[in-house]
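Written out below as structure tokens is the structure these notes cover.
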Amino acid sequence: MSIYLGRQPILDASRRRHGYELLYRNGDVESAFFADPHDATRRVVEQALLEWGLSDLVGDGMAFINVTSKFLQSGLFTVLPPEQVVFELSEPDWFDRATIEAVRNVARLGYRIALDDVVSTNVDGLGEVLPHIEIVKVDALAREPEETQYLVAQLKALAPHVLLLAERVETIETFQLCSRLGFELFQGYFFAKPEVVSRSERPISQHGSRVLMAALQDPTMTIDDLASLAETDPTLTYRLLKLVNASAIGLANRIDSVRQAMVLLGLDHVRQLATLLALAGGTVGNPELLTLAVTRAHMARQLLVDRPEAASAFTAGLLSVVDAVFSTPMEELLDELPVSDEVRDALLLGKGPIGDVLQLIQAHERADHAELQRLGEIDLDSIRAAYGHSSTRSLQLGHHSGGYAVAGRR
């Protein structure tokens, strides 16, 4: 299944790209259809952050995202990096008291806010909110030039700190007029129509979604608790590592474990991410693969229990099925994750101690005794003991076994 997102560039007066507005799309078309604006906002955030990654979508520019008052009040916005997003709030929400308080809180946390769809030339009622606004978007085609000039003068007098963005700039004449009137940013068909980008969806499992939703009800959950939950499901592991890669700009070290990823993100950030993931309600149609991943992960860690690679082996075991889960080449998926070189080499090349253990585990699953003897660094009794321990752990974590060949079973 494919997912879609629209983006339209926003430029400065020199026609240099300032950023992109990210737009909800439910197909490979320029327009979008949705019944709930809050749900559309959540989907844009979820897809931009977790499916693509903001840097892939906007580079080093800003991501302009249409939001609702409900989204700002929910606190879900904190999963986004404040240095890279601008929240666009439309005019119908301006005068609601709860919205004004939410705007103040969002601005206090370092996020930029834009007022969108400004059509009225009477801005006196914006006195409470304008001090917290950094950008005002004005429809360049909504009024006569004299009225637009009057609106610009009012805005500059009331809030000289704001940047003015002219939207619906469709001709060179409109661009030149808006430049003369004092607009600093521009958006419209004169520069580019919205581009629709798409990719294959990588949803979390229903099991993972339920586990996360239940965990969020417990205020005593720690990073260790949440890491243990995420380690029951390779789709959750993938999403968390993907978020670290998207969020940790200039990451000095690669990641060895889910817990390390969570420590880097921080507990509050992880809780917000978990909420987004649970609300996404994605499905993965092959629970046997999830069982296989968890069994491999515990088995790999057990076989290397006294080695420094044990934590990395667990991560590699969890990720060993994500290419099948997401129907995407393993190399492409690993390019999106901040995993260590030893995990990457193990999954792609079968190299290193972790790669050797994964090959051994897979030979055991196939009951390939010749391959087990060839790889025979670890004796068969240890392999069987590790499998028994790992299968028990997998079942305790709520998965159902079956569907793949293992030694002694079909």
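The chains in the structure tokens are called A, B, ... from first to last as shown; in each chain the residues are counted from 1, and the ligands are counted from 1 in the order shown.
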>> Can you pull out the residues contacting His38 in chain A? Cut-off 8 Å, using only C-alpha atoms, and skip same-chain residues under 2 positions away; I want them as a PyMOL selection string.
In response: chain A and resi 36+40-42+67-68+70-71
> Can you list, as a ChimeraX atom specification, every protein, DNA or RNA residue that comes within 10 Å of Val58 in chain A when you count only C-alpha atoms, leaving out same-chain residues fewer than 3 positions away?
Replying inline: /A:7-9,17-22,48,53-55,61-64,84-85
> So which residues of range 4-57 of chain A fall under strand (DSSP E or B) by DSSP, listed as a PyMOL selection string?
Replying inline: chain A and resi 4-12+17-25
Give me a file of those residues, with C-alpha atoms, as a compact mmCIF listing (two decimals), in the first residue's frame.
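The resulting file, out25.txt, is shown below:
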# COMPACT_ATOMS: atom_id res chain seq x y z
CA TYR A 4 1.22 10.15 -0.28
CA LEU A 5 2.32 13.58 0.84
CA GLY A 6 2.26 16.92 -0.93
CA ARG A 7 4.92 19.61 -0.65
CA GLN A 8 5.14 23.09 -2.13
CA PRO A 9 8.24 25.28 -1.92
CA ILE A 10 8.30 28.60 -0.04
CA LEU A 11 10.90 31.08 -1.30
CA ASP A 12 12.40 34.39 -0.25
CA ARG A 17 14.13 28.13 -0.98
CA HIS A 18 13.14 28.90 2.60
CA GLY A 19 11.25 25.64 3.14
CA TYR A 20 8.26 23.58 2.03
CA GLU A 21 4.64 23.47 3.06
CA LEU A 22 3.73 19.83 3.69
CA LEU A 23 0.21 18.92 2.60
CA TYR A 24 -2.10 16.01 3.31
CA ARG A 25 -2.77 13.85 0.27
> What lies within 6 Å of range 334-343 of chain A using only C-alpha atoms, ignoring chain neighbours under 2 positions off, as JSON, numbers by chain?
Replying inline: {"A": [241, 242, 245, 254, 255, 316, 331, 332, 345, 346]}
> If we count only C-alpha atoms, what is near range 141-143 of chain A at a cut-off of 8 Å, once residues fewer than 4 positions away on the same chain are taken out, given as a PyMOL selection string?
Replying inline: chain A and resi 119+147-148+168-169
Could you please take those selected residues and save N, CA and C atoms as a PDB file, in the first residue's frame?
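Listing of again34.pdb after writing:
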ATOM      1  N   VAL A 119      -7.487  37.073   5.638  1.00  0.00           N
ATOM      2  CA  VAL A 119      -8.294  37.720   4.598  1.00  0.00           C
ATOM      3  C   VAL A 119      -8.857  39.063   5.042  1.00  0.00           C
ATOM      4  N   GLU A 147      -6.029  47.370  -0.847  1.00  0.00           N
ATOM      5  CA  GLU A 147      -6.433  46.725   0.408  1.00  0.00           C
ATOM      6  C   GLU A 147      -5.274  45.894   0.983  1.00  0.00           C
ATOM      7  N   THR A 148      -4.545  45.220   0.104  1.00  0.00           N
ATOM      8  CA  THR A 148      -3.394  44.443   0.567  1.00  0.00           C
ATOM      9  C   THR A 148      -2.343  45.361   1.175  1.00  0.00           C
ATOM     10  N   ARG A 168      -0.499  32.111  -2.914  1.00  0.00           N
ATOM     11  CA  ARG A 168      -1.232  32.178  -4.188  1.00  0.00           C
ATOM     12  C   ARG A 168      -0.607  33.219  -5.129  1.00  0.00           C
ATOM     13  N   VAL A 169       0.719  33.220  -5.160  1.00  0.00           N
ATOM     14  CA  VAL A 169       1.439  34.065  -6.120  1.00  0.00           C
ATOM     15  C   VAL A 169       1.511  33.281  -7.423  1.00  0.00           C
TER      16      VAL A 169
END
Can you tell me which residues surround Val118 in chain A at a distance of at most 9 Å, considering only C-alpha atoms, apart from same-chain residues fewer than 4 positions away, and format the answer as a compact mmCIF listing (two decimals) with N, CA and C atoms, in the first residue's frame?
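File written: selection-v1.txt
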# COMPACT_ATOMS: atom_id res chain seq x y z
N SER A 90 -4.97 28.33 11.02
CA SER A 90 -5.87 29.08 10.15
C SER A 90 -6.77 30.04 10.93
N GLU A 91 -7.28 31.02 10.24
CA GLU A 91 -8.03 32.11 10.84
C GLU A 91 -9.21 31.68 11.70
N VAL A 136 3.07 35.68 9.03
CA VAL A 136 1.67 35.86 8.66
C VAL A 136 1.54 35.63 7.17
N LYS A 137 0.65 34.68 6.80
CA LYS A 137 0.43 34.34 5.40
C LYS A 137 -0.80 35.09 4.89
N VAL A 138 -0.62 35.78 3.79
CA VAL A 138 -1.69 36.61 3.21
C VAL A 138 -1.97 36.12 1.79
N ASP A 139 -3.24 35.92 1.50
CA ASP A 139 -3.65 35.50 0.16
C ASP A 139 -3.47 36.68 -0.80
> Within 12 Å of range 107-110 of chain A, counting only C-alpha atoms, which residues qualify if same-chain residues fewer than 5 places away don't, as a ChimeraX atom specification?
Replying inline: /A:72,75,77-78,80-87,100-102,129-134
> Using only C-alpha atoms, which residue out of A:Val196, A:Ala293, A:Ile223, A:Leu372 lies closest to Leu319 in chain A?
Replying inline: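 Residue with the minimum atom-to-atom distance to Leu319 in chain A: A:Ala293.
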> Could you pull out all residues of range 4-88 of chain A with a DSSP call of alpha helix (DSSP H) and give them as JSON, numbers by chain?
Replying inline: {"A": [37, 38, 39, 40, 41, 42, 43, 44, 45, 46, 54, 55, 56, 57, 58, 69, 70, 71, 72, 73, 74]}
> Can you list, as a PyMOL selection string, every protein, DNA or RNA residue that comes within 12 Å of Leu347 in chain A when you count only C-alpha atoms, leaving out same-chain residues fewer than 3 positions away?
Replying inline: chain A and resi 312-323+329-334+339-344+350-359
> Pick the closest to Phe183 in chain A from A:Leu304, A:Leu49, A:Val197, A:Ala166: which is it, counting only C-alpha atoms?
Replying inline: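 The shortest atom-to-atom distance to Phe183 in chain A comes from A:Ala166.
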